[in-house]
Each structure stands twice: as C-alpha cells, then as structure tokens.
Amino acid sequence: MFVIGELINGMYLSIARAIKEKDKAEIQKCAQVQIEAGADALDINCGPGCKDPVTDIQWLVETIQEVTDKTLVLDSSKSKVIESGLKVIKNKVIINSTMADPEKLEIFLPLAKKYNAKLIGLAMSSKGVPQNKDQRLELAAQIVSTCQDVGFPVEDLYLDPILLPVNVGQAQMVDILESIKDFKIISEPSPKTVVGLSNVSQGTYVRSLVNRTFLVMATAYGLDAAILDPKDTELMNALITAELILNKQIYCDSFLDAYKKK
Ligand code: THG
C-alpha cells in the first residue's frame, strides 16, 4: 500500500494556525512524524478556511521540502492552487484531484503532463457523487479514455471511487469496494486506485476501528494507495498484517518490527 499521510490539512486547527502564522517548525514536525510512522507521501491541503491558498500552498511545499524528499500530494479542487504548488515542486508530486467532467480533465491533464505529475481522478462529476458502482465505473472509464486520448500514462493515474461515511452511505460500501476491483480492469496497463480513508468513519464513535476494518477489506480488493493517519498504530499494524496475509509482505516472526525498519 502506498501510504499518503493526511495530517497536513488546514481542517486541523493546529495546522490552520501554523499556516496563518507561518510556523515552519509545526508543519515540518507534522511531516516528519508521519514519515517516521510509515508514510510514503504527504497530502497537503490548505483547508476550508484558508484566505489565500494560492500563496499558502507554495509556503507549505517549500517548508516541507526542506525536511523531506518524499512525494507531495497537492490537495485542492482549484487548478490555480495546484499550479501554484507545482511551480515550486522539487519532490515527486501527485495532483489531488480532478473530477471526471471533460472541462476539468482539459485543465488538469495538461497540467499533470507539463509538471511530470501523477494525477488522482475522482469517480464523480460536478453533477454530484455517484449512487452505485455502475455510475462509478462509467465516470472512471471516462477519465481513463481521456488519459489515453491525450497520451497521459494510465499507470500514473489514481482512480478514487469516493469513499462515503458509513453512517450515510452504508448501502454503498460493497459497491465502493467492488469499484476498486472494477477500476483495475478498465485498461491494460491498469490505473491505480486510492481512497481518502478517514471519510468512512466521519461522524461515527469508533473511528479508528471503522477505518482499519475498511482498510483491511479494501486491501483485499486490491487498493493501491490510501490517504490516512499514519500515526494510528493500530491502523498501520492492521494494514501490514493484511498485506502479509495477502502475500504482499514477506513473513518473518517479527514482521511488524521488520516492516517499520524497512
Ligand atoms: N479523496 C481524495 N482526497 C481527499 C479525500 C478523498 N482529501 C481530503 C480527504 N478526503 C482525506 N483527508 C482527510 C483528512 C482528515 C479527515 C478526513 C479525511 C478527518 N478529520 C477529522 C474530522 O473531520 O472529523 C478532523 C478532526 C480534527 O479536526 O481533529 O476525518 O476522499 N482524493
């Protein structure tokens, strides 16, 4: 699993404050803690209350690049914010995200090509969130076929089935899991798949348990990447164990320790 740390997000008060006050140490600590906990990449989102995301995303990217060369995942629906972040990128980068509308793909695909970025494509359009797996597949296939048309490598595309909170979307959970499998067979080579894991537990009382149960199941359905809280040790241990059982990690008696030292 490609683990993308979710914690550099202005929805958290400590991060919103650090962005506002340009507190580099707080952001760099949040980056380092996630990497030590096993993150392969870091999601960067200025948050809903940010007044000037075009400027602030550059400050975040530069601040984080001072302490790590891990992949950065620029998280905004606004192409102006994404492009601004891309202008100062030195590390590997993933654009998070585009919707499936042709007019969105027309903007985000050239941007990804220009900056040699990978791209997350959401299985949704400006018309709203899909209601079943057929709608998800149709939107995902639309994104893949546009990538093929413009020569964007499909293996650099991460498709996101849109993970809903289980307390509002319970009837869709199986469809979301099956979409992970469906997306892989849209084309050869396959696109990759990703979810925003913590969405699933929003508004529930036992968030960590809901998150890790979904992650273990999604891993068995072939999920490639997840945006998650790597500081949740129970979650990371469940993930490592699921990968072991699926024969994606080599077994040894101290596999948890061995994985963490890798
Ligand atoms: N897909 C893609 N990108 C995404 C998402 C997705 N980016 C944003 C989000 N969803 C993934 N990141 C988070 C980060 C935090 C939470 C959920 C998803 C979260 N935070 C606590 C909450 O809202 O309850 C905040 C608690 C606090 O403030 O301390 O749940 O789906 N491609």
# chains A, B, ... in the order shown; residues from 1 in each chain; ligands from 1

$ residues_near_ligand --ligand "ligand 1" --cutoff "6 Å" --atoms "only C-alpha atoms and all ligand atoms" --output "ChimeraX atom specification"
/A:6,11-12,96-97,160,162-163,195-196,198-199,202,227

$ write_last_selection --atoms "all heavy atoms" --output "JSON list (two decimals), in the first residue's frame"
[["chain", "number", "residue", "atom", "x", "y", "z"],
["A", 6, "GLU", "N", -2.34, 12.09, 5.92],
["A", 6, "GLU", "CA", -3.43, 13.06, 5.71],
["A", 6, "GLU", "C", -3.34, 14.29, 6.61],
["A", 6, "GLU", "O", -4.19, 15.18, 6.54],
["A", 6, "GLU", "CB", -4.78, 12.37, 6.00],
["A", 6, "GLU", "CG", -5.01, 12.14, 7.49],
["A", 6, "GLU", "CD", -6.34, 11.46, 7.84],
["A", 6, "GLU", "OE1", -7.09, 11.04, 6.95],
["A", 6, "GLU", "OE2", -6.61, 11.36, 9.05],
["A", 11, "MET", "N", -7.90, 21.64, 7.84],
["A", 11, "MET", "CA", -9.11, 21.33, 8.62],
["A", 11, "MET", "C", -8.75, 21.08, 10.09],
["A", 11, "MET", "O", -9.60, 21.15, 10.96],
["A", 11, "MET", "CB", -9.89, 20.16, 8.02],
["A", 11, "MET", "CG", -9.33, 18.79, 8.34],
["A", 11, "MET", "SD", -10.54, 17.45, 8.19],
["A", 11, "MET", "CE", -10.96, 17.51, 6.45],
["A", 12, "TYR", "N", -7.45, 20.76, 10.34],
["A", 12, "TYR", "CA", -6.98, 20.64, 11.72],
["A", 12, "TYR", "C", -6.59, 22.02, 12.23],
["A", 12, "TYR", "O", -5.85, 22.74, 11.55],
["A", 12, "TYR", "CB", -5.78, 19.68, 11.80],
["A", 12, "TYR", "CG", -6.14, 18.26, 11.42],
["A", 12, "TYR", "CD1", -5.81, 17.76, 10.16],
["A", 12, "TYR", "CD2", -6.81, 17.42, 12.30],
["A", 12, "TYR", "CE1", -6.15, 16.46, 9.80],
["A", 12, "TYR", "CE2", -7.15, 16.13, 11.95],
["A", 12, "TYR", "CZ", -6.82, 15.66, 10.70],
["A", 12, "TYR", "OH", -7.16, 14.38, 10.33],
["A", 96, "ASN", "N", -4.02, 16.14, -6.56],
["A", 96, "ASN", "CA", -5.22, 15.61, -5.90],
["A", 96, "ASN", "C", -6.26, 16.71, -5.85],
["A", 96, "ASN", "O", -6.25, 17.48, -4.90],
["A", 96, "ASN", "CB", -4.85, 15.12, -4.48],
["A", 96, "ASN", "CG", -6.01, 14.47, -3.77],
["A", 96, "ASN", "OD1", -7.02, 14.13, -4.38],
["A", 96, "ASN", "ND2", -5.90, 14.33, -2.46],
["A", 97, "SER", "N", -7.14, 16.86, -6.80],
["A", 97, "SER", "CA", -7.58, 15.87, -7.75],
["A", 97, "SER", "C", -8.36, 16.54, -8.87],
["A", 97, "SER", "O", -8.66, 17.71, -8.79],
["A", 97, "SER", "CB", -8.51, 14.86, -7.04],
["A", 97, "SER", "OG", -9.56, 15.61, -6.40],
["A", 160, "ASP", "N", -10.21, 7.29, -7.73],
["A", 160, "ASP", "CA", -10.78, 7.35, -6.38],
["A", 160, "ASP", "C", -12.28, 7.09, -6.48],
["A", 160, "ASP", "O", -13.00, 7.89, -7.10],
["A", 160, "ASP", "CB", -10.48, 8.74, -5.79],
["A", 160, "ASP", "CG", -10.97, 8.91, -4.36],
["A", 160, "ASP", "OD1", -11.93, 8.23, -3.96],
["A", 160, "ASP", "OD2", -10.39, 9.76, -3.65],
["A", 162, "ILE", "N", -14.57, 7.45, -4.41],
["A", 162, "ILE", "CA", -15.32, 8.34, -3.49],
["A", 162, "ILE", "C", -15.88, 7.54, -2.32],
["A", 162, "ILE", "O", -16.96, 6.95, -2.39],
["A", 162, "ILE", "CB", -16.47, 9.14, -4.17],
["A", 162, "ILE", "CG1", -15.95, 9.90, -5.39],
["A", 162, "ILE", "CG2", -17.14, 10.06, -3.18],
["A", 162, "ILE", "CD1", -14.99, 11.02, -5.10],
["A", 163, "LEU", "N", -15.11, 7.53, -1.27],
["A", 163, "LEU", "CA", -15.49, 6.81, -0.06],
["A", 163, "LEU", "C", -16.40, 7.70, 0.80],
["A", 163, "LEU", "O", -16.01, 8.80, 1.19],
["A", 163, "LEU", "CB", -14.22, 6.42, 0.72],
["A", 163, "LEU", "CG", -14.41, 5.61, 2.00],
["A", 163, "LEU", "CD1", -15.32, 4.41, 1.79],
["A", 163, "LEU", "CD2", -13.06, 5.17, 2.55],
["A", 195, "VAL", "N", -8.12, 5.82, -1.93],
["A", 195, "VAL", "CA", -9.29, 6.37, -1.19],
["A", 195, "VAL", "C", -8.80, 7.33, -0.10],
["A", 195, "VAL", "O", -7.66, 7.24, 0.37],
["A", 195, "VAL", "CB", -10.16, 5.29, -0.49],
["A", 195, "VAL", "CG1", -10.83, 4.37, -1.50],
["A", 195, "VAL", "CG2", -9.38, 4.51, 0.55],
["A", 196, "GLY", "N", -9.68, 8.25, 0.29],
["A", 196, "GLY", "CA", -9.49, 9.08, 1.48],
["A", 196, "GLY", "C", -10.11, 8.32, 2.63],
["A", 196, "GLY", "O", -11.31, 8.38, 2.86],
["A", 198, "SER", "N", -10.22, 8.23, 6.00],
["A", 198, "SER", "CA", -10.93, 8.73, 7.19],
["A", 198, "SER", "C", -12.34, 9.21, 6.89],
["A", 198, "SER", "O", -13.15, 9.36, 7.82],
["A", 198, "SER", "CB", -10.13, 9.86, 7.84],
["A", 198, "SER", "OG", -8.85, 9.40, 8.20],
["A", 199, "ASN", "N", -12.64, 9.42, 5.60],
["A", 199, "ASN", "CA", -14.03, 9.76, 5.25],
["A", 199, "ASN", "C", -15.00, 8.73, 5.81],
["A", 199, "ASN", "O", -16.10, 9.06, 6.24],
["A", 199, "ASN", "CB", -14.26, 9.71, 3.72],
["A", 199, "ASN", "CG", -13.42, 10.68, 2.93],
["A", 199, "ASN", "OD1", -12.61, 11.41, 3.49],
["A", 199, "ASN", "ND2", -13.60, 10.68, 1.62],
["A", 202, "GLN", "N", -16.28, 9.29, 9.40],
["A", 202, "GLN", "CA", -16.74, 10.62, 9.86],
["A", 202, "GLN", "C", -18.11, 10.50, 10.50],
["A", 202, "GLN", "O", -19.01, 9.86, 9.97],
["A", 202, "GLN", "CB", -16.74, 11.62, 8.70],
["A", 202, "GLN", "CG", -15.40, 12.34, 8.62],
["A", 202, "GLN", "CD", -15.23, 13.22, 7.40],
["A", 202, "GLN", "OE1", -15.97, 13.11, 6.43],
["A", 202, "GLN", "NE2", -14.23, 14.08, 7.45],
["A", 227, "ILE", "N", -5.08, 7.67, 1.58],
["A", 227, "ILE", "CA", -4.78, 8.88, 2.35],
["A", 227, "ILE", "C", -5.30, 8.58, 3.75],
["A", 227, "ILE", "O", -6.50, 8.33, 3.93],
["A", 227, "ILE", "CB", -5.51, 10.10, 1.74],
["A", 227, "ILE", "CG1", -5.15, 10.24, 0.25],
["A", 227, "ILE", "CG2", -5.18, 11.37, 2.51],
["A", 227, "ILE", "CD1", -6.07, 11.19, -0.51]]

$ residues_around --residues "Gln32 (chain A)" --least-positions-apart "4" --cutoff "8 Å" --atoms "only C-alpha atoms" --output "ChimeraX atom specification"
/A:28,36,67-68

$ closest_residue --among "A:Ile250, A:Ile57, A:Val3, A:Ile19" --to "Leu223 (chain A)" --atoms "only C-alpha atoms"
A:Val3

$ closest_residue --among "A:Lys118, A:Leu159, A:Val216, A:Ile176" --to "Gln131 (chain A)" --atoms "only C-alpha atoms"
A:Ile176

$ select_by_dssp --residues "region 24-193 of chain A" --states "alpha helix (DSSP H)" --output "JSON, numbers by chain"
{"A": [24, 25, 26, 27, 28, 29, 30, 31, 32, 33, 34, 35, 36, 53, 54, 55, 56, 57, 58, 59, 60, 61, 62, 63, 64, 65, 79, 80, 81, 82, 83, 84, 85, 86, 87, 102, 103, 104, 105, 106, 107, 108, 109, 110, 111, 112, 113, 114, 133, 134, 135, 136, 137, 138, 139, 140, 141, 142, 143, 144, 145, 146, 147, 148, 149, 150, 166, 167, 168, 169, 173, 174, 175, 176, 177, 178, 179, 180, 181, 182, 183, 184]}

$ residues_around --residues "Ala16 (chain A)" --least-positions-apart "4" --cutoff "9 Å" --atoms "only C-alpha atoms" --output "short mmCIF file (atom, residue, chain, number, x, y, z; two decimals) with all heavy atoms, in the first residue's frame"
data_model
loop_
_atom_site.label_atom_id
_atom_site.label_comp_id
_atom_site.auth_asym_id
_atom_site.auth_seq_id
_atom_site.Cartn_x
_atom_site.Cartn_y
_atom_site.Cartn_z
N ASN A 9 -3.32 19.27 6.86
CA ASN A 9 -4.61 19.69 6.31
C ASN A 9 -5.17 20.80 7.20
O ASN A 9 -5.27 20.61 8.42
CB ASN A 9 -5.57 18.48 6.28
CG ASN A 9 -6.85 18.77 5.52
OD1 ASN A 9 -7.45 19.83 5.69
ND2 ASN A 9 -7.26 17.84 4.68
N GLY A 10 -5.48 21.93 6.59
CA GLY A 10 -5.98 23.09 7.34
C GLY A 10 -7.29 22.85 8.05
O GLY A 10 -7.76 23.70 8.79
N MET A 11 -7.90 21.64 7.84
CA MET A 11 -9.11 21.33 8.62
C MET A 11 -8.75 21.08 10.09
O MET A 11 -9.60 21.15 10.96
CB MET A 11 -9.89 20.16 8.02
CG MET A 11 -9.33 18.79 8.34
SD MET A 11 -10.54 17.45 8.19
CE MET A 11 -10.96 17.51 6.45
N TYR A 12 -7.45 20.76 10.34
CA TYR A 12 -6.98 20.64 11.72
C TYR A 12 -6.59 22.02 12.23
O TYR A 12 -5.85 22.74 11.55
CB TYR A 12 -5.78 19.68 11.80
CG TYR A 12 -6.14 18.26 11.42
CD1 TYR A 12 -5.81 17.76 10.16
CD2 TYR A 12 -6.81 17.42 12.30
CE1 TYR A 12 -6.15 16.46 9.80
CE2 TYR A 12 -7.15 16.13 11.95
CZ TYR A 12 -6.82 15.66 10.70
OH TYR A 12 -7.16 14.38 10.33
N LYS A 20 -1.40 30.11 9.07
CA LYS A 20 -1.69 31.54 9.25
C LYS A 20 -0.48 32.30 9.81
O LYS A 20 -0.14 33.39 9.35
CB LYS A 20 -2.88 31.67 10.23
CG LYS A 20 -3.60 32.99 10.13
CD LYS A 20 -4.99 32.91 10.77
CE LYS A 20 -5.46 34.32 11.10
NZ LYS A 20 -6.01 34.41 12.45
N GLU A 21 0.19 31.66 10.77
CA GLU A 21 1.33 32.33 11.44
C GLU A 21 2.68 31.99 10.81
O GLU A 21 3.72 32.36 11.33
CB GLU A 21 1.33 31.97 12.93
CG GLU A 21 0.10 32.50 13.66
CD GLU A 21 -0.05 31.96 15.08
OE1 GLU A 21 0.91 31.35 15.60
OE2 GLU A 21 -1.13 32.16 15.66
N CYS A 46 -4.58 23.16 2.19
CA CYS A 46 -4.60 24.42 2.97
C CYS A 46 -5.82 24.53 3.87
O CYS A 46 -5.82 25.32 4.81
CB CYS A 46 -4.55 25.63 2.03
SG CYS A 46 -3.04 25.71 1.07
N GLY A 47 -6.86 23.77 3.57
CA GLY A 47 -8.04 23.77 4.43
C GLY A 47 -9.12 24.73 3.98
O GLY A 47 -8.87 25.66 3.21
N GLY A 49 -10.80 27.06 5.50
CA GLY A 49 -10.82 28.44 5.99
C GLY A 49 -9.68 29.30 5.47
O GLY A 49 -9.55 30.46 5.85
N CYS A 50 -8.85 28.72 4.58
CA CYS A 50 -7.64 29.43 4.13
C CYS A 50 -8.01 30.61 3.22
O CYS A 50 -8.74 30.44 2.24
CB CYS A 50 -6.72 28.45 3.39
SG CYS A 50 -5.18 29.17 2.87
#

$ closest_atom_pairs --of "region 218-251 of chain A" --to "region 257-260 of chain A" --cutoff "10 Å" --atoms "only C-alpha atoms" --output "CSV"
residue,atom,partner,partner_atom,distance
A:Met236,CA,A:Lys260,CA,9.7
A:Asn237,CA,A:Tyr259,CA,9.6
A:Ile240,CA,A:Tyr259,CA,7.5
A:Gln249,CA,A:Tyr259,CA,8.4
A:Ile250,CA,A:Tyr259,CA,9.3
A:Tyr251,CA,A:Ala258,CA,9.5

$ closest_residue --among "A:Ser76, A:Gln65, A:Ser145, A:Ser208" --to "Pro48 (chain A)" --atoms "only C-alpha atoms"
A:Ser76

$ atom_distance --atom1 "CA of Ile143 (chain A)" --atom2 "CA of Thr98 (chain A)"
9.2 Å

$ residues_around --residues "Lys127 (chain A)" --least-positions-apart "5" --cutoff "12 Å" --atoms "only C-alpha atoms" --output "list in words"
Met99, Ala100, Asp101, Gln135 and Leu139 of chain A

$ residues_around --residues "Cys30 (chain A)" --least-positions-apart "5" --cutoff "12 Å" --atoms "only C-alpha atoms" --output "ChimeraX atom specification"
/A:5-9,12,14-15,18,23-25,35-37,39,42-44,60,63-64,67-68,229-231

$ residues_around --residues "Glu178 (chain A)" --least-positions-apart "5" --cutoff "9 Å" --atoms "only C-alpha atoms" --output "number ranges by chain"
A: 133, 173, 183, 218, 221

$ atom_distance --atom1 "CA of Glu106 (chain A)" --atom2 "CA of Leu228 (chain A)"
28.9 Å

$ atom_distance --atom1 "CA of Arg17 (chain A)" --atom2 "CA of Trp59 (chain A)"
13.7 Å

$ select_by_dssp --residues "region 4-96 of chain A" --states "strand (DSSP E or B)" --output "list in words"
Ile4, Gly5, Glu6, Leu7, Ile8, Asn9, Ala41, Leu42, Asp43, Ile44, Asn45, Thr71, Leu72, Val73, Leu74, Asp75, Val93, Ile94, Ile95 and Asn96 of chain A

$ write_last_selection --atoms "N, CA, C and O atoms" --output "PDB file, in the first residue's frame"
ATOM      1  N   ILE A   4      -0.340   7.606   2.102  1.00  0.00           N
ATOM      2  CA  ILE A   4      -0.283   9.071   1.986  1.00  0.00           C
ATOM      3  C   ILE A   4      -0.779   9.671   3.316  1.00  0.00           C
ATOM      4  O   ILE A   4      -1.936   9.479   3.685  1.00  0.00           O
ATOM      5  N   GLY A   5       0.097  10.350   4.037  1.00  0.00           N
ATOM      6  CA  GLY A   5      -0.278  10.943   5.325  1.00  0.00           C
ATOM      7  C   GLY A   5      -1.262  12.089   5.129  1.00  0.00           C
ATOM      8  O   GLY A   5      -1.050  12.956   4.285  1.00  0.00           O
ATOM      9  N   GLU A   6      -2.339  12.088   5.920  1.00  0.00           N
ATOM     10  CA  GLU A   6      -3.428  13.060   5.714  1.00  0.00           C
ATOM     11  C   GLU A   6      -3.340  14.294   6.611  1.00  0.00           C
ATOM     12  O   GLU A   6      -4.190  15.180   6.538  1.00  0.00           O
ATOM     13  N   LEU A   7      -2.317  14.351   7.493  1.00  0.00           N
ATOM     14  CA  LEU A   7      -2.410  15.290   8.625  1.00  0.00           C
ATOM     15  C   LEU A   7      -2.034  16.743   8.317  1.00  0.00           C
ATOM     16  O   LEU A   7      -2.338  17.632   9.113  1.00  0.00           O
ATOM     17  N   ILE A   8      -1.381  16.998   7.167  1.00  0.00           N
ATOM     18  CA  ILE A   8      -1.089  18.408   6.839  1.00  0.00           C
ATOM     19  C   ILE A   8      -2.299  18.958   6.084  1.00  0.00           C
ATOM     20  O   ILE A   8      -2.321  19.069   4.860  1.00  0.00           O
ATOM     21  N   ASN A   9      -3.323  19.269   6.861  1.00  0.00           N
ATOM     22  CA  ASN A   9      -4.615  19.692   6.309  1.00  0.00           C
ATOM     23  C   ASN A   9      -5.165  20.797   7.199  1.00  0.00           C
ATOM     24  O   ASN A   9      -5.273  20.615   8.418  1.00  0.00           O
ATOM     25  N   ALA A  41       4.163   9.266   1.345  1.00  0.00           N
ATOM     26  CA  ALA A  41       3.881  10.554   0.707  1.00  0.00           C
ATOM     27  C   ALA A  41       3.054  11.384   1.679  1.00  0.00           C
ATOM     28  O   ALA A  41       2.502  10.847   2.651  1.00  0.00           O
ATOM     29  N   LEU A  42       2.984  12.700   1.409  1.00  0.00           N
ATOM     30  CA  LEU A  42       2.242  13.591   2.310  1.00  0.00           C
ATOM     31  C   LEU A  42       1.211  14.382   1.519  1.00  0.00           C
ATOM     32  O   LEU A  42       1.547  15.045   0.530  1.00  0.00           O
ATOM     33  N   ASP A  43      -0.043  14.299   1.950  1.00  0.00           N
ATOM     34  CA  ASP A  43      -1.102  15.131   1.382  1.00  0.00           C
ATOM     35  C   ASP A  43      -0.944  16.544   1.945  1.00  0.00           C
ATOM     36  O   ASP A  43      -0.608  16.717   3.118  1.00  0.00           O
ATOM     37  N   ILE A  44      -1.148  17.546   1.089  1.00  0.00           N
ATOM     38  CA  ILE A  44      -1.037  18.943   1.525  1.00  0.00           C
ATOM     39  C   ILE A  44      -2.305  19.680   1.126  1.00  0.00           C
ATOM     40  O   ILE A  44      -2.598  19.849  -0.063  1.00  0.00           O
ATOM     41  N   ASN A  45      -3.075  20.091   2.140  1.00  0.00           N
ATOM     42  CA  ASN A  45      -4.349  20.757   1.891  1.00  0.00           C
ATOM     43  C   ASN A  45      -4.423  21.991   2.789  1.00  0.00           C
ATOM     44  O   ASN A  45      -4.299  21.873   4.010  1.00  0.00           O
ATOM     45  N   THR A  71       7.270  12.044  -1.784  1.00  0.00           N
ATOM     46  CA  THR A  71       6.255  12.551  -2.720  1.00  0.00           C
ATOM     47  C   THR A  71       5.263  13.477  -2.012  1.00  0.00           C
ATOM     48  O   THR A  71       4.798  13.171  -0.907  1.00  0.00           O
ATOM     49  N   LEU A  72       4.928  14.602  -2.658  1.00  0.00           N
ATOM     50  CA  LEU A  72       3.915  15.503  -2.107  1.00  0.00           C
ATOM     51  C   LEU A  72       2.633  15.386  -2.944  1.00  0.00           C
ATOM     52  O   LEU A  72       2.690  15.272  -4.174  1.00  0.00           O
ATOM     53  N   VAL A  73       1.498  15.399  -2.245  1.00  0.00           N
ATOM     54  CA  VAL A  73       0.195  15.217  -2.883  1.00  0.00           C
ATOM     55  C   VAL A  73      -0.583  16.522  -2.713  1.00  0.00           C
ATOM     56  O   VAL A  73      -1.038  16.843  -1.606  1.00  0.00           O
ATOM     57  N   LEU A  74      -0.653  17.298  -3.795  1.00  0.00           N
ATOM     58  CA  LEU A  74      -1.266  18.635  -3.706  1.00  0.00           C
ATOM     59  C   LEU A  74      -2.786  18.483  -3.756  1.00  0.00           C
ATOM     60  O   LEU A  74      -3.344  18.063  -4.770  1.00  0.00           O
ATOM     61  N   ASP A  75      -3.438  18.823  -2.639  1.00  0.00           N
ATOM     62  CA  ASP A  75      -4.859  18.524  -2.453  1.00  0.00           C
ATOM     63  C   ASP A  75      -5.686  19.802  -2.537  1.00  0.00           C
ATOM     64  O   ASP A  75      -5.769  20.576  -1.569  1.00  0.00           O
ATOM     65  N   VAL A  93       5.519  14.363  -7.318  1.00  0.00           N
ATOM     66  CA  VAL A  93       4.245  15.035  -6.987  1.00  0.00           C
ATOM     67  C   VAL A  93       3.038  14.314  -7.594  1.00  0.00           C
ATOM     68  O   VAL A  93       3.114  13.737  -8.671  1.00  0.00           O
ATOM     69  N   ILE A  94       1.947  14.352  -6.832  1.00  0.00           N
ATOM     70  CA  ILE A  94       0.655  13.845  -7.302  1.00  0.00           C
ATOM     71  C   ILE A  94      -0.367  14.976  -7.175  1.00  0.00           C
ATOM     72  O   ILE A  94      -0.450  15.622  -6.122  1.00  0.00           O
ATOM     73  N   ILE A  95      -1.119  15.211  -8.233  1.00  0.00           N
ATOM     74  CA  ILE A  95      -2.197  16.209  -8.188  1.00  0.00           C
ATOM     75  C   ILE A  95      -3.456  15.543  -7.624  1.00  0.00           C
ATOM     76  O   ILE A  95      -3.910  14.528  -8.133  1.00  0.00           O
ATOM     77  N   ASN A  96      -4.016  16.136  -6.560  1.00  0.00           N
ATOM     78  CA  ASN A  96      -5.223  15.608  -5.902  1.00  0.00           C
ATOM     79  C   ASN A  96      -6.264  16.713  -5.847  1.00  0.00           C
ATOM     80  O   ASN A  96      -6.251  17.479  -4.902  1.00  0.00           O
TER      81      ASN A  96
END

$ residues_around --residues "Thr193 (chain A)" --least-positions-apart "3" --cutoff "12 Å" --atoms "only C-alpha atoms" --output "PyMOL selection string"
chain A and resi 1-2+119-123+140+154-163+176-186+190+196+218-219+221-227

$ closest_residue --among "A:Pro53, A:Pro191, A:Leu13, A:Ala171" --to "Phe152 (chain A)" --atoms "only C-alpha atoms"
A:Pro191
